Each structure stands twice: as C-alpha cells, then as structure tokens.
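Trainee: The structure under discussion is supplied below as structure tokens; questions concerning it will follow.
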Amino acid sequence: MKKIKKVLDGIAAVSSSSSVQPGIKENDIQETLQSEHFQLCKTVRHGFPYQPSSMAFDPVQKILAVGTQAGALRLFGRPGVECYCQHESGAAVIQLQFLINEGALVSALTDNSLHLWNLRQKRPAILHSLKFSKERITFCHLPFQSKWLYVGTERGNIHIVNVESFTLSGYVIMWNKAIELSSKSHPGPIVHISDNPMDEGKLLIGFESGIVVLWDLKSKKADYRYNYDEAIHSVAWHHEGKQFICSHSDGTLTMWNVRSPARPAQIITPHGKQPKDGKKPEPCKPILKVEYRTSRSGDPFIILSGGLSYDTAGRRPCLTVMHGKSIAVLEMDYPIVDFLTLCETPYPNDFQDPYAVVILLEKDLAVIDLEQIGYPIFENPYPMSIHESPVTCCEYFADCPAELIPALYSVGVRQKRQGYSKKEWPVSGGNWGLGAQSYAELIITGHADGSVKFWDASAITLQMLYKLKTAKIFEKCRNKDDKPNTDIVDEDPYAIQIISWHPESRILCVAGVSAHVMIYKFSKQEATSDISMIEVRLQYETNDIESPNGDPVQPLLTPGTSSTNSQPAIPQSHPSTSSSSSDGIRDNVPCLKVRSSSLKQSVGYQIELVVQLVWVNGEPPQQITSIAVNSAYELVVFGNCNGIAIVDYLQKTILLNLCTFELYGSNDPYQRQPKSPRKTRQPSGGLSDINEGSSTSEDRCKSPTSAKMSRKLSLPTELKPELVKESGEHQTKAHKKYLANDVSRRQQRRSHEFARSKSYPNFNIRDNSFSRSRSSSVTSIDKESREAISALHFCETFTRKNDTSISPCLWVGTTLGTVLVIALNLPQSGEQRLLQPVIVSPSGTILKLKGAILRMAFLDASGSLIPPAYEPWQEPNAPEEKDEKDKLKKRRPVSVSPSTSQEISENQYAVICSEKQAEVVSLPSQNCIHKQSITETSFVLRADMVAMSNSICLACFCANGHIMTFGLPSLRPLLDVNYLPLTDMRIARTFCFTNNGQALYLVSPTEIQRITYSQETCENLQEMLGELFTPVETPEAPNRGFFKGLFGGGAQSLDREELFGESGSGKPVRSLAQHIPGPGGIEGVKGAASGVVSDLARARLALDERGQKLGELDERTAAMLASAEAFSKHAHDMMLKYKDKKWYQF
C-alpha cells in the first residue's frame, strides 16, 4: 500500500502540462536514508564567551571557567578541550568558585541562586541549586579544602552553605553585630569575604562603605574594625596573615596591619600625581580589583586594574603590575572585566610565586607572563578571534580534500605575530576526546573589515589556518573628499557579504557590500602584479528602449543571443574615472577605488580579478544577492535586484549583462513599469552587529522595487576581437580596466563538490524581524518589476526538452520563484579557449515555484549528486615554459564527472528548493515528478543538498526555527524539529548545512554554535568530547617548621563542622533559601539524554564511573596509609632523638 501511495503522490505532483517520460519510474531509485538516521543535537560552541561577567581558575586541575551575562558557562582546559553549559534562568553569572581539585564548581547568579556543577563528566551538569528569596547575593568565598561556602548579601549579612548537601547552616553573621557602634549608618553590601591565611577562625569582611571587620568565628564577635573614608572595591591578604590591602574608589590602595586598626600602615596612589607641598594626591579612577602575591625569591607583586588619573581621557584600560620599585602599566584593547593571578600553590598561607595573570576583557582573553622581562603575553591557542572584526557571513565544508588543511596552514603560519612568551600555555587541564571523525572540515568566515578567515574545524575543534585581507587591493580614503563614492553603505565598505569557494580547485569568489566581486586563486609562491579590474553597469530602466528622439534603437545582439530574447545594445566607451558628469550627476563610478600601483601578494590567496558595479546616472549600484564561480569554465556570475552579469575571468571580459526580465525574452509573464530614480543609501548595518545595538535605514529592509533601472547592452559578436585588441591600448601602467562588453573562454570540466551559491532574504534590521521581498501571492506590479537574482548554479545537463545530450549551462533562480537556463558554448581547450569567445544564450524558463529560489542541484539516474565541473588546483605562478603553446598543451585535463558517460536514454533530476517548497524535475522532459510543500506560514532561510550516509538529502532551516530534512529524489520528510526560534538576523545570515549531518550558525556576535542532525554523530559525541577533570594529586601543604609547630606559630585550623553544623549552630531559617536538586549526577545526565545512547551503553557508562570512583577511593586509601606510615616513622625517630635529653636541653 505504501508503494501505491507513493506512486499516486508522484503522479499528483506532475504538472498538468507535462507528461511522464517513458521508462522513468519513481521506484527506480532506492533511497537508503530513513528517519532513524536523523537526530538533532548541539555539539560544541567555539569563540569568545559573549559579554563575560566573571572568571575562576583551578590551580591544581588548571581549568579556567568564564561566566557571562546571559547565564552561560564556558570551561577551558588545554587547547582543544572546551565545554559550554547554560543556566536555565539565563541570569548573569556574578561569581564562580572552584572546589579546587574536586571536579566541581559553584556559580552565583544575579537571580540570587547558587548552583553546584559536576565537572567529572564530559557534559557538566548541576548537582544542586539553592535559591535565596529574601536577600541578594553580592559575594561568595570558599576556602581551600573546605565544604563551607560563605555567602555575602546586599544587606551586609553572611550566610554559610554546606556545598556537599547545598543546605544552609544556622550560623549567620549579621551586619549590625559585625560593625556594632563603629558606624551610625548601614555599611552597605558585602564586597569581600576571606579567611586569614594563618588562622581559619578569623574571617575578614569588607563592606562597600569602607568598613572592614575581622570576625572571630568561634567567639562570634569582631576582633578588629578598620575604617576608611572611601568605598572599598576589593581586599587581598599577605600570605603570612599579618597584613592586607584594600582598593578604593578614589584610586588609592590602603595597606593595613591586622593588629593596628586605627589607621592604614601605608596609603598608595599608583597613578596619582604627588603634590610637592605634601597634600593629598588628586583623586583617580576607582581601583576595581587588587591582588597581593608574595614571591619566595624576591619582592611581592601588587597587581591592580583601574586607578588611572582622570586627566588621562581617551587612554585605554590598563592593568598595573607593581613589583618592588618598578611599575608596569599594560594597556588593553578592551575594558577589563576581571583578572586572576596564577600561582604555583593552592595554599593561601604559603609563598604564592605568581607566574602569570589571566585578564578577562570584554571581547578578549589575555594571559601575561610574569616571569619574563617586559611581561609578554602568551599566544592564545583558543579560537577567540572569530569576532576580531564582526562576522558578516560564513560557509561550512565537511569531507574536504585531505591536503587542503596542510596547504592553508603552511601559508597561514607565516602570518603569525612575533614576541609571544616562549612558555607553554598555562591553562593545560583536561584530556582530548577520541576523535571518531576521520574527514576534514573547514569553516570560512567573512568579516566587516573585508577579511576572510579559514578555520580547521575537524574533530569538533576549531583552529584558524589562514586570513585573507581583501581590503588591501583598494586604496584607503585619506580625506573626506575621497569618500563620496562609498556612501552606498553607511560604514564598513569592504564587508564581505557572500562567499563561494571550491575545495578541489581552491578558487575563492567573494562579494562585498559595495557591489564588488573578487576572484582569488591559491598560490604557494609570492607574486607582484597589477590588479585587473572590470566595471559593470548593471542598472536598468524599463522605459528607455526608445532613443531620445523617439526612434527605436537598432538591436545589437549579445553573443549567442537573438533579438527575441535580448534587448538592443549600445557600445560603451572606456569607463570614466570622474566622480560626476558635467551636470554633477555621478555616473560610471565604482564605489571603491582599486589600487593603481602594483601589489605584492604573499603566498596564499592572490587576487585574479575585481569586478565592480558602477553608479548610473546618479544612482548607486544595488548590492549583490547571489554569486557562483566555476574553475572549469573559468566563469563567474553574479546578480542583484537589477539583473545578472557573467564574466570570463580568464579573458577578463563580460559575456552577459542583462536585466532580469530580459532573460525571459518575449515570454515575460509579468507586467513591468518604470520606476522613478531613488537617491537613498543602502546601510551596511546588520552585517556588523557585534555591538547588537546598531539601527539602520529601513530602505534595505524593503522589497528592492523602488530603485531605478537603466539599460546596459552588449556589443555584436563580430566586434569582439577588435574590442579585445583596443582595450589593451587603454590599459594603464599600474592597473588594467577592461571594457564591459568583451568575450571569453574555457573547456568543459567536472567536479566532486557541489557549487555553493548564496541568496538572502531581506531583513528588517531595526525591529529584528523579517520583511519578505517576494511571495507567490504578491500581485503588486511595483514588486514584480524588481525581480532579483537569488540563486545561481553551473552544471552540465539537458538545456531544452528535446536535447539528447548534456551541455554546460547556468541555471538562474529569481525571487519570484522562476528558474531560467542560460546555455554556455565553450571553445575547445588550449589556445582556442584563450582566443575564442564563450557564447552565452538565455534559453527561457524551465519552471515556476512558490517563493524565491534558494538552492539548485542535480542528480544522475542513480540518484547520486552531480557536482559542477571543476579543474583540479595547480600552481598558478609556476615558471613559464619556453614555448607558450607547449604550456597550453600541458594544461591539466578536465576532471570528468560520472554524467559524461551517460547514455542518451538516461536522464537527470533537477532539485530546486524555494522559500516555500521543493520540486524534483526530470530532465530532459522537464516533468515535475515530486513536489513538497516545506512551509506555509513561514519561509525557508537556508537550504542545502548534502551528502549523508552514502546518500543525498535536502536540509532546510526555516524562519520559524524548524530544521527539516527530505529524502531525494522522493522529497520524503525525514526530520522536522522545532530547534531555534529566530530572534535576530545574525542566525539567518550565518546558518549553513554541510555534508555528514553537520551545521552551524553564529549564536552570538563572538561565538559559533555547531550542531548535528546525524544520529551516528549524536551517538559518538560522548566519545569525541574532551574530559575536563583528570585525577591529579593535591600538592603537599607547606611545611610549618619545628619551632612554629612547637610554639603555635603556624596556620591555625578550625573545626568548621562543629561550628557550622546543625549541632553547633542550630537550624537555619527555612524561608531564607530553597534547595532545588539538580539533574547533574552521571546517571541523571545520561538518563536525560535519552536516545543518545542505549540502555546497555548507559549501564556500562554508570559501571565505568563507579569503577573510576572505587579506583580513586583505593588510591586515596593507599596514600593515607603511606602517610600514616611515614608519620609513625617520623614520630619514632623523634622519640629516639629526644628521649635521653633533659627539658632544658630542648
């Protein structure tokens, strides 16, 4: 019955005007993908934590934790070991405290909740939570090797929490009891809590108003109170417990002797100007944090943030390192959120011997080496430079050629900065996972400053390989007079908008917001050359068919076209370089000025050609909406809301330059009316949204129907050779401008990678919503008159219904849902390809879908994906042969795809996906054999045909947050998950699918989130993830020495259990805080992740965990036994040494 139903569905999907091709049956292709092959889950998150708010470090495990304002928790170990967690409430993290070497972490949030995280599993989870209901948490302190957490509140009280059970103790330190009569007013919130390094029974409490209290926990009263006029921001102890230092709001540091509370022992203003008359220094900015670290071999370190003088306006944020008499001021690129000093010992009562400082900035993480002269920084091994310039677009490639990553790394390693610390990165905890993936993965990101970054994303890690700066091919504006042409965008004129890259040929094509397209070739040799450039007039009016005197213009044919489907053409002179015409209207001027001097290009990607759209009669060019490049044909095509242009980048000529409606010829189904000129700017806002607050003009959000069109027509074929010759005479010494109507070149090649051409919907950036530019239900002539190019795809297929063989062609999709075909007639390879023109001829409409066309692909008769033709990469700067003809003959042969050997009777299938639906069309009959409605109430943002489990499927991401997959060619629904409600355009702009069930998007301006929709990857994910916690023996406590042990001069311990337990302190107030058990045990977490592993696997995992715990218990027991034996031996030796001595001989 199922087979009958499928056949009936297929018949129903066939259009009424077409017939089923004889010999083609729907069931001929056996599809292997089933719904059980799909499951959606997040894998890893890369990048810098967005809007960080707090930080902590485990000095034994060597793990770094960063909390954010959105309640996220990022944990970092050695390079390649990262973890992302999220608090459900989304409240900001105000403080983090490690249970040092215990594999646990306490987080305090602004919603007055405490959470205990279990880090002994690959995906950390919450074990316990405690929600305060009557007081707001301001500060927490957990002493080393203690289970009692001190929690300070806004009211000035201190509560104590047992971190094992996450319950409150009945012991409370009330603010009025702590200050008594030392102040007539409330001392303010708690800003600091710490115990005396040498006496655990003494607790130092800092109030915001400037009062510091040393509290005796046993006697429950204050020993000393220290008063200062300025508000306190932080407090730090000297390791001997006899001094502490406070930082204040007036930029001063006060040093206090514990037993001298009357006045500070010393007052320091690190950045204050000292008056000669002995008066108080001028106040400075607040010192937000200070740390006091002693060194066994020299002077102590006093490290602080803030405190700069108020007269240093515009100075960057600084970290100050005071060491002896030297003061080093280290400028930072961003404001300092927090910093931590990394020390050799976790014990607070020993010399700390600091070796590094971790500085958490608003948009970066820096680590300073304190042991080398000049305090150099460590090279950050984490992928935290994603947002160095805001990400504007990205592409994801899985299962790339294996040699690509070494090739990109070899050219990228030369770009690395010098002067880093030579020591190893100090955050070195955790272990790598077992990488089950054996294929290479690459991520390419485009940025607002025009840079393009290549990242190695293999095995769920991320490492930058190579950075390309596209802006260097343009001249920078030195004054305001040079900038008039760039006002097509408000800012970031070099921003990358679309990326098209072919892994096998290594050809890179990018489109920028200033209506420019750049083609790059990869080379391992340096080169110096002029920059080749083509200027294109791609702006049209529908009513300028007649000449000014009323006589119709005589038709001049585009190469390979006829007057029935191509409008007349007017020859264009050499593009003007002036910014305006005689009447002041800007015309024939590109938005950016290409460098006129020769450019030295380093190894890596080197510019091959720049194509720029120019102003037309005072109207700026419209931004490019879709691009495609093919290395076998050596053609690049791009389009916008005005039309389409095909460029031969071998001969540097334009083959086709037409308005979109001209592609229809006489069969245009739409009525079009001329539009009045529009002189508005197109904002680039929304591309550069790292600040998340930029608002832009609404013009870009509108349907692109209100801009002016103007006709640009091509020259007849007979004039092309002469024009090529003449254009050479116009070339300047520095760089070459090619006229817009030349002809071009190359043989038919094949490929093994699906060409990616990208299209975007229009976004209403101001209100973070979407405004659809096209819809099948739109009847407005105004909107239909501006049909944009939304998808482009090079292929070798049947161009027309009666074709008996395949040929190179270009499929074009528009925002009105139309698919058109342009046939490509390529000369023979070799010398003819260099000299003979490529003939392009629009062949009319193939089909019409509902919604804008997003993606197109082709399947062969067996259902396998047919990749576009390509030429394998070869070094473009190889030494020239003596005989140029020999060189041409030695050109590498064309790669042949499986479709070349097809019999005439075999057919192909075209898969077309629009914003609303998908269709599978049989070729050459052009019968629609399958049709699938994807969404009625929303629209598809991204669609890709991807390889998975030795088969092919269509993957879609909708604006309503649904991720869906469909089998090919039947378009059977296989997966539909409501994954991610679309909250802003960043996700829509960066979401992309790739092979093997992988996908990614920019989850914040600084972070990439990778997900998988593959069941196999979900099952293997647990093994692939790294481990944060590794069993490490805690360092030995400092030796107290014989005399200190004899006379009580060492650190004093405290029985906190007796003091804070229920027997000693009574029961706590029940209404003060609520205990919430978490899901975070190993069994709980694995149970919550049902479907990821089977019951048997979960049982095995639980057994392994139990075995690990038993092993750790056994190790601890053995260690305790060895310690006891050593102590017994030491005691016996002492007894023998002193047993015959008199008391006065000691």
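Each chain in the structure tokens gets a letter, A, B and so on, in the order shown; residues start at 1 in every chain, and ligands are counted from 1 in the order they appear.
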Please identify which residues in region 402-515 of chain A DSSP calls alpha helix (DSSP H) from the backbone, and express them as a PyMOL selection string.
Mentor: chain A and resi 404-412
Trainee: Next, dump the selected residues to file, keeping only N, CA, C and O atoms, as a short mmCIF file (atom, residue, chain, number, x, y, z; two decimals), in the first residue's frame.
Mentor:
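To be explicit, this is the file written out as again.cif:
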```cif
data_model
loop_
_atom_site.label_atom_id
_atom_site.label_comp_id
_atom_site.auth_asym_id
_atom_site.auth_seq_id
_atom_site.Cartn_x
_atom_site.Cartn_y
_atom_site.Cartn_z
N LEU A 404 44.00 19.99 1.86
CA LEU A 404 43.64 21.40 1.97
C LEU A 404 44.12 22.03 3.27
O LEU A 404 44.69 23.12 3.28
N ILE A 405 43.89 21.34 4.37
CA ILE A 405 44.24 21.92 5.67
C ILE A 405 45.75 22.14 5.80
O ILE A 405 46.18 23.22 6.20
N PRO A 406 46.60 21.16 5.46
CA PRO A 406 48.05 21.44 5.49
C PRO A 406 48.45 22.59 4.57
O PRO A 406 49.33 23.39 4.90
N ALA A 407 47.80 22.69 3.40
CA ALA A 407 48.15 23.76 2.46
C ALA A 407 47.81 25.13 3.04
O ALA A 407 48.61 26.07 2.96
N LEU A 408 46.63 25.25 3.63
CA LEU A 408 46.23 26.53 4.23
C LEU A 408 47.07 26.85 5.46
O LEU A 408 47.42 28.00 5.71
N TYR A 409 47.38 25.83 6.24
CA TYR A 409 48.20 26.06 7.44
C TYR A 409 49.60 26.53 7.05
O TYR A 409 50.17 27.42 7.70
N SER A 410 50.15 25.95 5.99
CA SER A 410 51.52 26.30 5.60
C SER A 410 51.64 27.76 5.17
O SER A 410 52.68 28.39 5.37
N VAL A 411 50.58 28.30 4.56
CA VAL A 411 50.64 29.72 4.17
C VAL A 411 50.21 30.62 5.32
O VAL A 411 50.63 31.77 5.43
N GLY A 412 49.36 30.10 6.21
CA GLY A 412 48.89 30.91 7.34
C GLY A 412 49.89 31.04 8.45
O GLY A 412 49.88 32.03 9.20
#
```
Trainee: List every residue of region 69-122 of chain A that DSSP, applied to the backbone, labels as strand (DSSP E), and write the result as a PyMOL selection string.
Mentor: chain A and resi 72-76+82-86+93-99+104-109+113-118
Trainee: Can you build me a table of region 325-421 of chain A residues sitting at most 9 Å from region 426-432 of chain A, with the closest atom pair per residue and its distance in Å to one decimal, using only C-alpha atoms, sorted by chain and residue number, as a tab-separated table?
Mentor:
```
residue	atom	partner	partner_atom	distance
A:Leu342	CA	A:Pro426	CA	8.5
A:Ala356	CA	A:Pro426	CA	7.9
A:Val367	CA	A:Pro426	CA	8.5
A:Phe378	CA	A:Pro426	CA	8.7
```
Trainee: Convert the current residue selection to file output with all heavy atoms, as a short mmCIF file (atom, residue, chain, number, x, y, z; two decimals), in the first residue's frame.
Mentor:
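The result, stored in selection_28.cif:
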```cif
data_model
loop_
_atom_site.label_atom_id
_atom_site.label_comp_id
_atom_site.auth_asym_id
_atom_site.auth_seq_id
_atom_site.Cartn_x
_atom_site.Cartn_y
_atom_site.Cartn_z
N LEU A 342 47.81 33.63 38.50
CA LEU A 342 48.06 32.19 38.58
C LEU A 342 49.30 31.95 39.41
O LEU A 342 50.36 32.53 39.14
CB LEU A 342 48.23 31.60 37.17
CG LEU A 342 47.11 31.91 36.17
CD1 LEU A 342 47.31 31.07 34.90
CD2 LEU A 342 45.73 31.64 36.76
N ALA A 356 51.80 34.04 36.16
CA ALA A 356 51.03 34.58 35.04
C ALA A 356 49.80 35.30 35.57
O ALA A 356 49.37 35.08 36.72
CB ALA A 356 50.61 33.47 34.07
N VAL A 367 46.68 36.53 28.57
CA VAL A 367 47.45 35.96 29.67
C VAL A 367 48.85 36.56 29.63
O VAL A 367 49.53 36.50 28.59
CB VAL A 367 47.52 34.42 29.58
CG1 VAL A 367 48.31 33.86 30.76
CG2 VAL A 367 46.13 33.81 29.56
N PHE A 378 51.02 35.50 26.37
CA PHE A 378 51.01 34.17 25.76
C PHE A 378 50.17 34.23 24.49
O PHE A 378 49.20 34.98 24.40
CB PHE A 378 50.39 33.15 26.71
CG PHE A 378 51.25 32.79 27.90
CD1 PHE A 378 51.23 33.57 29.04
CD2 PHE A 378 52.05 31.67 27.88
CE1 PHE A 378 51.99 33.25 30.15
CE2 PHE A 378 52.82 31.33 28.97
CZ PHE A 378 52.80 32.12 30.11
#
```
Trainee: At what distance in Å, to one decimal, does CA of Cys394 (chain A) lie from CA of Cys509 (chain A)?
Mentor: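 CA of Cys509 (chain A) sits 13.0 Å away from CA of Cys394 (chain A).
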Trainee: Please provide the set of residues having any atom within 10 Å of Phe939 (chain A), restricted to only C-alpha atoms, with same-chain residues fewer than 5 positions apart removed, written as a list in words.
Mentor: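 The residues that qualify are Pro761, Arg772, Ser775, Gly851, Ala852, Ser914, Glu915, Lys916, Gln917, Ile934, Cys956, Phe957, Cys958, Ala959 and Asn960 of chain A.
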Trainee: What does the file look like for those residues with N, CA, C and O atoms, as a PDB file, in the first residue's frame?
Mentor:
```pdb
ATOM      1  N   PRO A 761      17.285  36.546   2.127  1.00  0.00           N
ATOM      2  CA  PRO A 761      16.075  37.341   2.208  1.00  0.00           C
ATOM      3  C   PRO A 761      16.411  38.741   2.680  1.00  0.00           C
ATOM      4  O   PRO A 761      17.509  39.002   3.127  1.00  0.00           O
ATOM      5  N   ARG A 772       9.507  40.080   3.979  1.00  0.00           N
ATOM      6  CA  ARG A 772       9.710  39.283   2.766  1.00  0.00           C
ATOM      7  C   ARG A 772       9.699  40.175   1.539  1.00  0.00           C
ATOM      8  O   ARG A 772       8.832  41.029   1.376  1.00  0.00           O
ATOM      9  N   SER A 775       6.907  36.960  -2.762  1.00  0.00           N
ATOM     10  CA  SER A 775       5.969  35.907  -2.418  1.00  0.00           C
ATOM     11  C   SER A 775       5.174  35.586  -3.657  1.00  0.00           C
ATOM     12  O   SER A 775       4.908  36.443  -4.483  1.00  0.00           O
ATOM     13  N   GLY A 851       7.597  31.248  -3.975  1.00  0.00           N
ATOM     14  CA  GLY A 851       8.661  31.814  -3.157  1.00  0.00           C
ATOM     15  C   GLY A 851       9.967  31.912  -3.916  1.00  0.00           C
ATOM     16  O   GLY A 851      10.159  31.311  -4.980  1.00  0.00           O
ATOM     17  N   ALA A 852      10.902  32.674  -3.364  1.00  0.00           N
ATOM     18  CA  ALA A 852      12.201  32.885  -4.001  1.00  0.00           C
ATOM     19  C   ALA A 852      12.998  31.590  -4.067  1.00  0.00           C
ATOM     20  O   ALA A 852      12.990  30.804  -3.117  1.00  0.00           O
ATOM     21  N   SER A 914      12.809  26.367  -2.962  1.00  0.00           N
ATOM     22  CA  SER A 914      12.487  27.783  -2.792  1.00  0.00           C
ATOM     23  C   SER A 914      12.175  28.051  -1.325  1.00  0.00           C
ATOM     24  O   SER A 914      12.308  27.176  -0.480  1.00  0.00           O
ATOM     25  N   GLU A 915      11.728  29.257  -1.044  1.00  0.00           N
ATOM     26  CA  GLU A 915      11.387  29.622   0.335  1.00  0.00           C
ATOM     27  C   GLU A 915      10.180  28.865   0.859  1.00  0.00           C
ATOM     28  O   GLU A 915       9.973  28.782   2.064  1.00  0.00           O
ATOM     29  N   LYS A 916       9.376  28.313  -0.050  1.00  0.00           N
ATOM     30  CA  LYS A 916       8.123  27.687   0.372  1.00  0.00           C
ATOM     31  C   LYS A 916       8.036  26.201   0.044  1.00  0.00           C
ATOM     32  O   LYS A 916       7.376  25.453   0.756  1.00  0.00           O
ATOM     33  N   GLN A 917       8.696  25.767  -1.032  1.00  0.00           N
ATOM     34  CA  GLN A 917       8.508  24.396  -1.468  1.00  0.00           C
ATOM     35  C   GLN A 917       9.741  23.888  -2.188  1.00  0.00           C
ATOM     36  O   GLN A 917      10.673  24.647  -2.480  1.00  0.00           O
ATOM     37  N   ILE A 934       7.190  22.871   1.930  1.00  0.00           N
ATOM     38  CA  ILE A 934       8.045  22.876   3.119  1.00  0.00           C
ATOM     39  C   ILE A 934       7.385  23.649   4.249  1.00  0.00           C
ATOM     40  O   ILE A 934       7.361  23.210   5.395  1.00  0.00           O
ATOM     41  N   CYS A 956      16.826  21.938   5.329  1.00  0.00           N
ATOM     42  CA  CYS A 956      16.252  23.282   5.315  1.00  0.00           C
ATOM     43  C   CYS A 956      16.177  23.844   6.733  1.00  0.00           C
ATOM     44  O   CYS A 956      15.902  23.107   7.687  1.00  0.00           O
ATOM     45  N   PHE A 957      16.396  25.135   6.837  1.00  0.00           N
ATOM     46  CA  PHE A 957      16.212  25.856   8.095  1.00  0.00           C
ATOM     47  C   PHE A 957      15.205  26.971   7.843  1.00  0.00           C
ATOM     48  O   PHE A 957      15.408  27.813   6.961  1.00  0.00           O
ATOM     49  N   CYS A 958      14.111  26.962   8.596  1.00  0.00           N
ATOM     50  CA  CYS A 958      13.026  27.917   8.386  1.00  0.00           C
ATOM     51  C   CYS A 958      13.094  29.056   9.406  1.00  0.00           C
ATOM     52  O   CYS A 958      13.669  28.920  10.481  1.00  0.00           O
ATOM     53  N   ALA A 959      12.432  30.155   9.046  1.00  0.00           N
ATOM     54  CA  ALA A 959      12.421  31.320   9.925  1.00  0.00           C
ATOM     55  C   ALA A 959      11.668  31.050  11.226  1.00  0.00           C
ATOM     56  O   ALA A 959      11.894  31.733  12.223  1.00  0.00           O
ATOM     57  N   ASN A 960      10.783  30.057  11.232  1.00  0.00           N
ATOM     58  CA  ASN A 960      10.082  29.724  12.467  1.00  0.00           C
ATOM     59  C   ASN A 960      10.894  28.816  13.377  1.00  0.00           C
ATOM     60  O   ASN A 960      10.403  28.341  14.402  1.00  0.00           O
TER      61      ASN A 960
END
```
Trainee: Can you tell me how far CA of Ser933 (chain A) sits from CA of Met948 (chain A), in Å to one decimal?
Mentor: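 Here the two named atoms are 22.3 Å from each other.
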